[in-house]
Structures are given as C-alpha cells and as structure tokens.
Amino acid sequence: MKKKDLLGLRELNKKEIEYILNLGEKFLEILKRPIPKVPTLRGKTVCNLFFEPSTRTRLSFELAAKRLSADVINFSASTSALLKGESTLDTLQNILAMKVDCFIIRHSSSGAPHFLAKHTDASVINAGDGTHEHPTQALLDIFTMKRHLRDLSGKKVLIIGDIMHSRVARSNIFGLLKLGARVFLAGPKPLIPDEFEELGTYLVSDIDGILKEVDVVMGLRVQKERGGANYLPSFEDYRRFYGITVERLKIIKENALIMHPGPVNWGVEMDYEVLKDKRCVIHEQVTNGVAVRMGILFYLLGSGEIKEES
Ligand code: CP
C-alpha cells in the first residue's frame with residue numbers, strides 16, 4: 001500500500017484513494033483537539049518547493065507538516081537565488097544536498113514533479129504541475145464531498161469552466177470516476193477537448209438543465225495566466241453562460257454542494273453572494289485540506305502508526 005511519491009490520481013487505485021481519505025478523517029479528529037498536534041513525523045524534514053504562487057496549498061502543507069511535528073523549510077522561486085541567475089537544476093541539486101525527506105513541488109511545467117521524483121530518494125508530492133494534475137486538491141475536494149454525501153457511487157458531479165487548462169479538474173475526474181461518481185463537464189467549447197469524454201465523463205451544454213440534477217457543482221477559476229481568458233468572449237459573457245450566480249442558486253438542488261478550489265474570480269465564475277449560501281463549502285474545503293494533507297504526509301513518510309505524545 002505504501003508509496004514513495006504522490007504524483008497524480010491517475011496512478012492511484014480506489015483502495016489507495018480511500019486509504020488516504022480515511023487517514024484524513026483520523027487527522028480531522030486530531031485537529032479538533034485543544035492541542036492539535038502529534039509527534040508522528042518528528043525527525044522528518046519537509047521542503048515546500050514552490051515555483052508558482054500559492055496561498056492555500058503551500059500554507060496548508062506547512063501547517064499539516066507542523067501538526068505532525070515534522071521540520072519544514074520553504075522555497076519560493078520569487079525570493080530565491082533563481083533571481084540571481086541560478087538555474088533550476090542547480091537549485092534542486094543544492095536543496096537535495098540538504099537531505100530532506102519530502103519535497104512538495106508546484107511548477108508551471110507539467111511533469112516537473114515526475115522529473116524530481118526520478119532524481120531523489122526523497123518522497124515527492126505534486127502540489128500542481130502546469131495543466132497536468134493537482135492531486136492533493138482533488139483529494140481534499142473528494143474528502144469534502146464524501147463527508148456530506150457518504151458513498152459517491154452514482155453521485156452526479158458537475159465541473160464548470162476551463163477544463164482544458166485545469167489540473168484540478170483533471171485530478172478530480174480521475175479520482176471521482178474511480179470512486180464511481182458520474183462526472184459532467186460544462187464550459188466554453190474550446191476549453192473542453194473531446195478527449196475528456198473518452199475518460200468516461202459527460203459533456204453538457206445545457207448548464208441550467210443539469211444544475212437541477214447534480215449533487216455537486218464545482219466552479220473552476222478562469223486561468224488568465226494560462227491563456228484561458230483568450231478563449232472567452234468577455235468575462236461578462238462567461239458569467240452569464242457559465243457563472244454560479246445568485247439567479248442559478250434557485251435551480252441548484254436543496255442539498256447539493258457548491259465548491260471551488262480557489263482562488264475565485266468573484267463575479268466571473270461565481271458571484272460573491274454564493275459564499276454565504278449554506279450549500280457553499282469553499283472554506284470547509286480549505287479546513288479539510290490540512291487534515292487530508294496530514295494524511296498524505298503520513299501515508300508517504302509515516303511508520304504506519306499515528307504516534308501520540310507519551
Ligand atoms: N487551490 C489552490 O491550489 O490554491 P493555491 O493556488 O492558493 O494553492
């Protein structure tokens with residue numbers, strides 16, 4: 001069951017996904033304690049290696065590692081010697097020389113975590129690579145869905161937006177299909193290549209029709225930095241056709257979940273008022289992210305036993 005790396009959900013089977021989600025449940029309980037910390041990874045060193053901006057993923061991994069008593073070092077490209085002209089390879093070789101146990105890497109190039117994993121004995125966790133995968137985001141999304149809906153088998157999940165550029169969508173599709181969910185995709189046609197249907201998803205054009213039926217609605221960020229905005233006529237049109245708006249709240253099922261991985265372009269893929277709707281679990285996703293990432297770190301680096309303070 002144990003693995004060295006977590007590079008994508010394409011590589012995990014149903015049992016492995018469920019194992020990590022169950023660990024997330026255990027750590028969520030620990031996070032509710034007055035002192036939400038265990039000595040489980042004492043002596044281990046985790047390196048956050050972020051070549052792209054992040055708020056949620058980086059801080060959540062840092063907190064998860066600290067809650068497990070691991071030491072954490074943080075590399076951020078924007079404040080590193082890369083700015084003095086050091087190459088990425090030199091940067092990695094120097095950090096490898098510091099003998100860390102786990103790298104958590106975000107990079108704009110798809111495959112960067114896989115490259116790193118081949119060149120180190122340390123564990124590597126993909127914290128988002130280009131337009132490829134963001135497996136830890138999908139695990140926390142699926143964890144949040146399961147906490148509300150229990151068994152995801154047969155449940156209908158609608159993902160709306162820039163599917164083509166979204167590593168979050170890709171990881172969610174792999175994970176959700178393995179757990180038996182039915183995944184529906186909607187968005188501007190040029191941003192949903194036909195290959196996605198071959199994965200076993202359903203492409204839908206009538207968003208208002210499908211919204212009445214689904215158990216989960218997930219909005220995705222319009223990724224201006226990856227050129228996603230170039231495929232759109234205007235943000236106003238995007239909101240009108242694909243936005244999770246105040247008007248659309250009336251047609252979403254009473255007990256459905258409204259999700260978004262963040263950061264949100266408010267007024268484009270989602271109206272700000274949606275955040276106040278009781279079906280919206282965006283901040284719960286972030287809370288759950290710490291527990292799920294504790295589970296992932298434990299899965300890769302732990303001894304198999306969640307140690308307690310003696
Ligand atoms: N959802 C997500 O990856 O957010 P950050 O870019 O803030 O890490």
# chains A, B, ... in the order shown; residues from 1 in each chain; ligands from 1
call {"tool": "residues_around", "arguments": {"residues": "region 236-238 of chain A", "least_positions_apart": "2", "cutoff": "10 Å", "atoms": "only C-alpha atoms", "output": "PyMOL selection string"}}
result
chain A and resi 161+187-188+222+229+232-234+240-243+267-269
call {"tool": "write_last_selection", "arguments": {"atoms": "all heavy atoms", "output": "JSON list (two decimals), in the first residue's frame"}}
result
[["chain", "number", "residue", "atom", "x", "y", "z"],
["A", 161, "GLY", "N", -16.20, 25.08, -16.30],
["A", 161, "GLY", "CA", -15.16, 26.09, -16.57],
["A", 161, "GLY", "C", -14.12, 25.67, -17.56],
["A", 161, "GLY", "O", -14.37, 24.94, -18.52],
["A", 187, "GLY", "N", -18.68, 24.13, -20.03],
["A", 187, "GLY", "CA", -17.82, 25.31, -20.18],
["A", 187, "GLY", "C", -17.73, 25.68, -21.64],
["A", 187, "GLY", "O", -18.31, 25.01, -22.50],
["A", 188, "PRO", "N", -16.99, 26.74, -21.93],
["A", 188, "PRO", "CA", -16.84, 27.14, -23.33],
["A", 188, "PRO", "C", -16.25, 25.98, -24.15],
["A", 188, "PRO", "O", -15.29, 25.36, -23.71],
["A", 188, "PRO", "CB", -15.85, 28.31, -23.25],
["A", 188, "PRO", "CG", -15.95, 28.80, -21.84],
["A", 188, "PRO", "CD", -16.27, 27.62, -21.00],
["A", 222, "VAL", "N", -11.12, 30.87, -13.91],
["A", 222, "VAL", "CA", -10.67, 31.22, -15.25],
["A", 222, "VAL", "C", -9.20, 31.56, -15.13],
["A", 222, "VAL", "O", -8.82, 32.48, -14.40],
["A", 222, "VAL", "CB", -11.46, 32.44, -15.80],
["A", 222, "VAL", "CG1", -10.86, 32.93, -17.10],
["A", 222, "VAL", "CG2", -12.93, 32.08, -15.98],
["A", 229, "ALA", "N", -8.31, 32.94, -20.53],
["A", 229, "ALA", "CA", -9.16, 34.10, -20.83],
["A", 229, "ALA", "C", -9.21, 34.39, -22.34],
["A", 229, "ALA", "O", -10.16, 34.99, -22.83],
["A", 229, "ALA", "CB", -8.64, 35.33, -20.07],
["A", 232, "LEU", "N", -12.32, 33.23, -24.22],
["A", 232, "LEU", "CA", -13.63, 33.74, -23.80],
["A", 232, "LEU", "C", -13.95, 35.04, -24.51],
["A", 232, "LEU", "O", -13.07, 35.88, -24.70],
["A", 232, "LEU", "CB", -13.63, 34.02, -22.29],
["A", 232, "LEU", "CG", -13.09, 32.90, -21.39],
["A", 232, "LEU", "CD1", -13.06, 33.38, -19.95],
["A", 232, "LEU", "CD2", -13.94, 31.67, -21.54],
["A", 233, "PRO", "N", -15.22, 35.22, -24.88],
["A", 233, "PRO", "CA", -15.59, 36.49, -25.50],
["A", 233, "PRO", "C", -15.41, 37.65, -24.52],
["A", 233, "PRO", "O", -14.81, 38.66, -24.84],
["A", 233, "PRO", "CB", -17.05, 36.30, -25.90],
["A", 233, "PRO", "CG", -17.52, 35.04, -25.26],
["A", 233, "PRO", "CD", -16.33, 34.27, -24.78],
["A", 234, "SER", "N", -15.90, 37.49, -23.31],
["A", 234, "SER", "CA", -15.72, 38.51, -22.26],
["A", 234, "SER", "C", -16.04, 37.85, -20.93],
["A", 234, "SER", "O", -16.73, 36.83, -20.88],
["A", 234, "SER", "CB", -16.65, 39.70, -22.47],
["A", 234, "SER", "OG", -17.98, 39.30, -22.20],
["A", 240, "ARG", "N", -22.49, 35.08, -17.53],
["A", 240, "ARG", "CA", -23.87, 34.85, -17.98],
["A", 240, "ARG", "C", -24.10, 33.39, -18.37],
["A", 240, "ARG", "O", -25.08, 32.78, -17.99],
["A", 240, "ARG", "CB", -24.15, 35.78, -19.17],
["A", 240, "ARG", "CG", -25.60, 35.84, -19.58],
["A", 240, "ARG", "CD", -25.94, 37.19, -20.20],
["A", 240, "ARG", "NE", -25.06, 37.55, -21.30],
["A", 240, "ARG", "CZ", -25.30, 37.27, -22.58],
["A", 240, "ARG", "NH1", -26.39, 36.62, -22.93],
["A", 240, "ARG", "NH2", -24.47, 37.66, -23.53],
["A", 241, "PHE", "N", -23.16, 32.80, -19.09],
["A", 241, "PHE", "CA", -23.37, 31.43, -19.59],
["A", 241, "PHE", "C", -22.95, 30.35, -18.60],
["A", 241, "PHE", "O", -23.55, 29.29, -18.54],
["A", 241, "PHE", "CB", -22.62, 31.23, -20.92],
["A", 241, "PHE", "CG", -23.21, 32.00, -22.06],
["A", 241, "PHE", "CD1", -22.50, 33.02, -22.66],
["A", 241, "PHE", "CD2", -24.50, 31.72, -22.51],
["A", 241, "PHE", "CE1", -23.06, 33.74, -23.71],
["A", 241, "PHE", "CE2", -25.06, 32.44, -23.56],
["A", 241, "PHE", "CZ", -24.34, 33.46, -24.16],
["A", 242, "TYR", "N", -21.87, 30.59, -17.83],
["A", 242, "TYR", "CA", -21.28, 29.51, -17.01],
["A", 242, "TYR", "C", -21.12, 29.87, -15.54],
["A", 242, "TYR", "O", -20.69, 29.02, -14.75],
["A", 242, "TYR", "CB", -19.90, 29.12, -17.59],
["A", 242, "TYR", "CG", -19.98, 28.77, -19.04],
["A", 242, "TYR", "CD1", -19.46, 29.62, -20.01],
["A", 242, "TYR", "CD2", -20.61, 27.59, -19.45],
["A", 242, "TYR", "CE1", -19.56, 29.30, -21.35],
["A", 242, "TYR", "CE2", -20.72, 27.27, -20.78],
["A", 242, "TYR", "CZ", -20.19, 28.14, -21.73],
["A", 242, "TYR", "OH", -20.31, 27.83, -23.05],
["A", 243, "GLY", "N", -21.42, 31.09, -15.16],
["A", 243, "GLY", "CA", -21.18, 31.52, -13.78],
["A", 243, "GLY", "C", -22.16, 30.87, -12.80],
["A", 243, "GLY", "O", -23.32, 30.59, -13.13],
["A", 267, "GLY", "N", -17.51, 37.25, -9.33],
["A", 267, "GLY", "CA", -18.23, 37.99, -10.38],
["A", 267, "GLY", "C", -17.94, 37.44, -11.76],
["A", 267, "GLY", "O", -18.50, 37.93, -12.75],
["A", 268, "VAL", "N", -17.08, 36.44, -11.86],
["A", 268, "VAL", "CA", -16.83, 35.79, -13.16],
["A", 268, "VAL", "C", -17.35, 34.36, -13.06],
["A", 268, "VAL", "O", -18.47, 34.07, -13.49],
["A", 268, "VAL", "CB", -15.33, 35.83, -13.56],
["A", 268, "VAL", "CG1", -15.14, 35.19, -14.94],
["A", 268, "VAL", "CG2", -14.80, 37.26, -13.55],
["A", 269, "GLU", "N", -16.59, 33.46, -12.41],
["A", 269, "GLU", "CA", -17.09, 32.07, -12.32],
["A", 269, "GLU", "C", -18.07, 31.89, -11.15],
["A", 269, "GLU", "O", -18.76, 30.87, -11.09],
["A", 269, "GLU", "CB", -15.94, 31.06, -12.22],
["A", 269, "GLU", "CG", -15.07, 31.17, -11.00],
["A", 269, "GLU", "CD", -13.74, 31.87, -11.29],
["A", 269, "GLU", "OE1", -13.64, 32.50, -12.35],
["A", 269, "GLU", "OE2", -12.83, 31.77, -10.45]]
call {"tool": "select_by_dssp", "arguments": {"residues": "region 37-264 of chain A", "states": "alpha helix (DSSP H)", "output": "PyMOL selection string"}}
result
chain A and resi 56-67+88-96+112-118+135-149+167-178+195-198+207-211+235-242+246-249
call {"tool": "residues_near_ligand", "arguments": {"ligand": "ligand 1", "cutoff": "8 Å", "atoms": "only C-alpha atoms and all ligand atoms", "output": "list in words"}}
result
Pro53, Ser54, Thr55, Arg56, Thr57, Arg58, Leu59, Ala127, Gly128, His134, Gln137, Val168, Pro261, Gly262 and Pro263 of chain A
call {"tool": "residues_around", "arguments": {"residues": "Gln285 (chain A)", "least_positions_apart": "2", "cutoff": "12 Å", "atoms": "only C-alpha atoms", "output": "PyMOL selection string"}}
result
chain A and resi 56-57+60+136-148+218+257-262+280-283+287-293
call {"tool": "closest_residue", "arguments": {"among": "A:Ala186, A:Leu149, A:Ala112, A:Leu41", "to": "Ser303 (chain A)", "atoms": "only C-alpha atoms"}}
result
A:Leu41
call {"tool": "closest_residue", "arguments": {"among": "A:Arg106, A:Lys212, A:Lys155, A:Lys2", "to": "Leu179 (chain A)", "atoms": "only C-alpha atoms"}}
result
A:Lys155
call {"tool": "select_by_dssp", "arguments": {"residues": "region 1-129 of chain A", "states": "strand (DSSP E or B)", "output": "number ranges by chain"}}
result
A: 6, 45-50, 71-76, 102-107, 123-129
call {"tool": "write_last_selection", "arguments": {"atoms": "N, CA, C and O atoms", "output": "mmCIF file, in the first residue's frame"}}
result
data_model
loop_
_atom_site.group_PDB
_atom_site.id
_atom_site.type_symbol
_atom_site.label_atom_id
_atom_site.label_comp_id
_atom_site.auth_asym_id
_atom_site.auth_seq_id
_atom_site.Cartn_x
_atom_site.Cartn_y
_atom_site.Cartn_z
ATOM 1 N N LEU A 6 3.518 10.953 -4.414
ATOM 2 C CA LEU A 6 2.139 11.173 -4.847
ATOM 3 C C LEU A 6 2.196 12.174 -6.004
ATOM 4 O O LEU A 6 2.336 13.375 -5.777
ATOM 5 N N THR A 45 12.025 15.910 7.662
ATOM 6 C CA THR A 45 12.094 17.277 7.130
ATOM 7 C C THR A 45 11.372 17.341 5.791
ATOM 8 O O THR A 45 11.605 16.525 4.900
ATOM 9 N N VAL A 46 10.485 18.316 5.712
ATOM 10 C CA VAL A 46 9.650 18.501 4.524
ATOM 11 C C VAL A 46 10.023 19.830 3.880
ATOM 12 O O VAL A 46 10.165 20.835 4.578
ATOM 13 N N CYS A 47 10.195 19.821 2.551
ATOM 14 C CA CYS A 47 10.540 21.067 1.843
ATOM 15 C C CYS A 47 9.424 21.464 0.896
ATOM 16 O O CYS A 47 9.085 20.730 -0.032
ATOM 17 N N ASN A 48 8.847 22.627 1.139
ATOM 18 C CA ASN A 48 7.881 23.219 0.212
ATOM 19 C C ASN A 48 8.648 23.905 -0.904
ATOM 20 O O ASN A 48 9.420 24.840 -0.650
ATOM 21 N N LEU A 49 8.450 23.435 -2.131
ATOM 22 C CA LEU A 49 9.251 23.910 -3.270
ATOM 23 C C LEU A 49 8.290 24.558 -4.269
ATOM 24 O O LEU A 49 7.731 23.880 -5.133
ATOM 25 N N PHE A 50 8.081 25.850 -4.124
ATOM 26 C CA PHE A 50 7.031 26.499 -4.920
ATOM 27 C C PHE A 50 7.629 27.436 -5.966
ATOM 28 O O PHE A 50 8.186 28.481 -5.645
ATOM 29 N N ASP A 71 9.892 18.958 10.582
ATOM 30 C CA ASP A 71 10.513 20.262 10.328
ATOM 31 C C ASP A 71 10.161 20.670 8.902
ATOM 32 O O ASP A 71 10.089 19.825 8.002
ATOM 33 N N VAL A 72 9.963 21.984 8.706
ATOM 34 C CA VAL A 72 9.539 22.466 7.386
ATOM 35 C C VAL A 72 10.486 23.552 6.904
ATOM 36 O O VAL A 72 10.813 24.472 7.659
ATOM 37 N N ILE A 73 10.944 23.414 5.654
ATOM 38 C CA ILE A 73 11.664 24.522 5.031
ATOM 39 C C ILE A 73 10.890 24.938 3.784
ATOM 40 O O ILE A 73 10.238 24.106 3.148
ATOM 41 N N ASN A 74 10.940 26.219 3.496
ATOM 42 C CA ASN A 74 10.138 26.756 2.399
ATOM 43 C C ASN A 74 11.014 27.404 1.342
ATOM 44 O O ASN A 74 11.843 28.260 1.654
ATOM 45 N N PHE A 75 10.812 26.988 0.097
ATOM 46 C CA PHE A 75 11.481 27.630 -1.034
ATOM 47 C C PHE A 75 10.401 28.290 -1.874
ATOM 48 O O PHE A 75 9.411 27.661 -2.254
ATOM 49 N N SER A 76 10.610 29.564 -2.167
ATOM 50 C CA SER A 76 9.689 30.270 -3.048
ATOM 51 C C SER A 76 10.526 30.890 -4.159
ATOM 52 O O SER A 76 11.460 31.647 -3.891
ATOM 53 N N CYS A 102 11.083 14.869 2.141
ATOM 54 C CA CYS A 102 9.916 15.004 1.255
ATOM 55 C C CYS A 102 9.916 16.372 0.582
ATOM 56 O O CYS A 102 10.135 17.390 1.245
ATOM 57 N N PHE A 103 9.700 16.378 -0.725
ATOM 58 C CA PHE A 103 9.525 17.624 -1.473
ATOM 59 C C PHE A 103 8.065 17.762 -1.860
ATOM 60 O O PHE A 103 7.457 16.811 -2.370
ATOM 61 N N ILE A 104 7.535 18.960 -1.643
ATOM 62 C CA ILE A 104 6.188 19.276 -2.118
ATOM 63 C C ILE A 104 6.385 20.325 -3.189
ATOM 64 O O ILE A 104 6.831 21.438 -2.895
ATOM 65 N N ILE A 105 6.154 19.959 -4.425
ATOM 66 C CA ILE A 105 6.559 20.849 -5.513
ATOM 67 C C ILE A 105 5.370 21.337 -6.335
ATOM 68 O O ILE A 105 4.496 20.560 -6.723
ATOM 69 N N ARG A 106 5.350 22.639 -6.569
ATOM 70 C CA ARG A 106 4.443 23.256 -7.549
ATOM 71 C C ARG A 106 5.298 23.888 -8.628
ATOM 72 O O ARG A 106 6.255 24.627 -8.341
ATOM 73 N N HIS A 107 4.950 23.608 -9.883
ATOM 74 C CA HIS A 107 5.746 24.128 -11.003
ATOM 75 C C HIS A 107 4.832 24.367 -12.208
ATOM 76 O O HIS A 107 3.855 23.656 -12.399
ATOM 77 N N SER A 123 10.620 11.470 -0.862
ATOM 78 C CA SER A 123 9.258 11.446 -1.417
ATOM 79 C C SER A 123 8.979 12.761 -2.136
ATOM 80 O O SER A 123 9.496 13.817 -1.734
ATOM 81 N N VAL A 124 8.173 12.698 -3.182
ATOM 82 C CA VAL A 124 7.778 13.904 -3.913
ATOM 83 C C VAL A 124 6.249 13.948 -3.979
ATOM 84 O O VAL A 124 5.607 12.958 -4.333
ATOM 85 N N ILE A 125 5.716 15.108 -3.623
ATOM 86 C CA ILE A 125 4.257 15.319 -3.715
ATOM 87 C C ILE A 125 4.012 16.414 -4.745
ATOM 88 O O ILE A 125 4.609 17.498 -4.670
ATOM 89 N N ASN A 126 3.128 16.117 -5.681
ATOM 90 C CA ASN A 126 2.769 17.094 -6.708
ATOM 91 C C ASN A 126 1.754 18.081 -6.124
ATOM 92 O O ASN A 126 0.620 17.714 -5.821
ATOM 93 N N ALA A 127 2.169 19.341 -6.005
ATOM 94 C CA ALA A 127 1.265 20.382 -5.481
ATOM 95 C C ALA A 127 0.696 21.221 -6.625
ATOM 96 O O ALA A 127 0.272 22.358 -6.423
ATOM 97 N N GLY A 128 0.694 20.628 -7.831
ATOM 98 C CA GLY A 128 0.166 21.316 -9.015
ATOM 99 C C GLY A 128 1.266 21.484 -10.044
ATOM 100 O O GLY A 128 2.222 22.218 -9.792
ATOM 101 N N ASP A 129 1.147 20.751 -11.161
ATOM 102 C CA ASP A 129 2.164 20.882 -12.225
ATOM 103 C C ASP A 129 1.506 21.281 -13.541
ATOM 104 O O ASP A 129 0.757 20.516 -14.147
#
call {"tool": "closest_residue", "arguments": {"among": "A:Met294, A:Leu220, A:Ile17, A:Leu301", "to": "Lys66 (chain A)", "atoms": "only C-alpha atoms"}}
result
A:Met294
call {"tool": "closest_residue", "arguments": {"among": "A:Lys118, A:Lys3, A:Lys44, A:Lys14", "to": "Gly180 (chain A)", "atoms": "only C-alpha atoms"}}
result
A:Lys14
call {"tool": "closest_residue", "arguments": {"among": "A:Gln223, A:Thr88, A:Asn172, A:Ser78", "to": "Gly8 (chain A)", "atoms": "only C-alpha atoms"}}
result
A:Asn172
call {"tool": "atom_distance", "arguments": {"atom1": "CA of Glu198 (chain A)", "atom2": "CA of Leu12 (chain A)"}}
result
19.0 Å
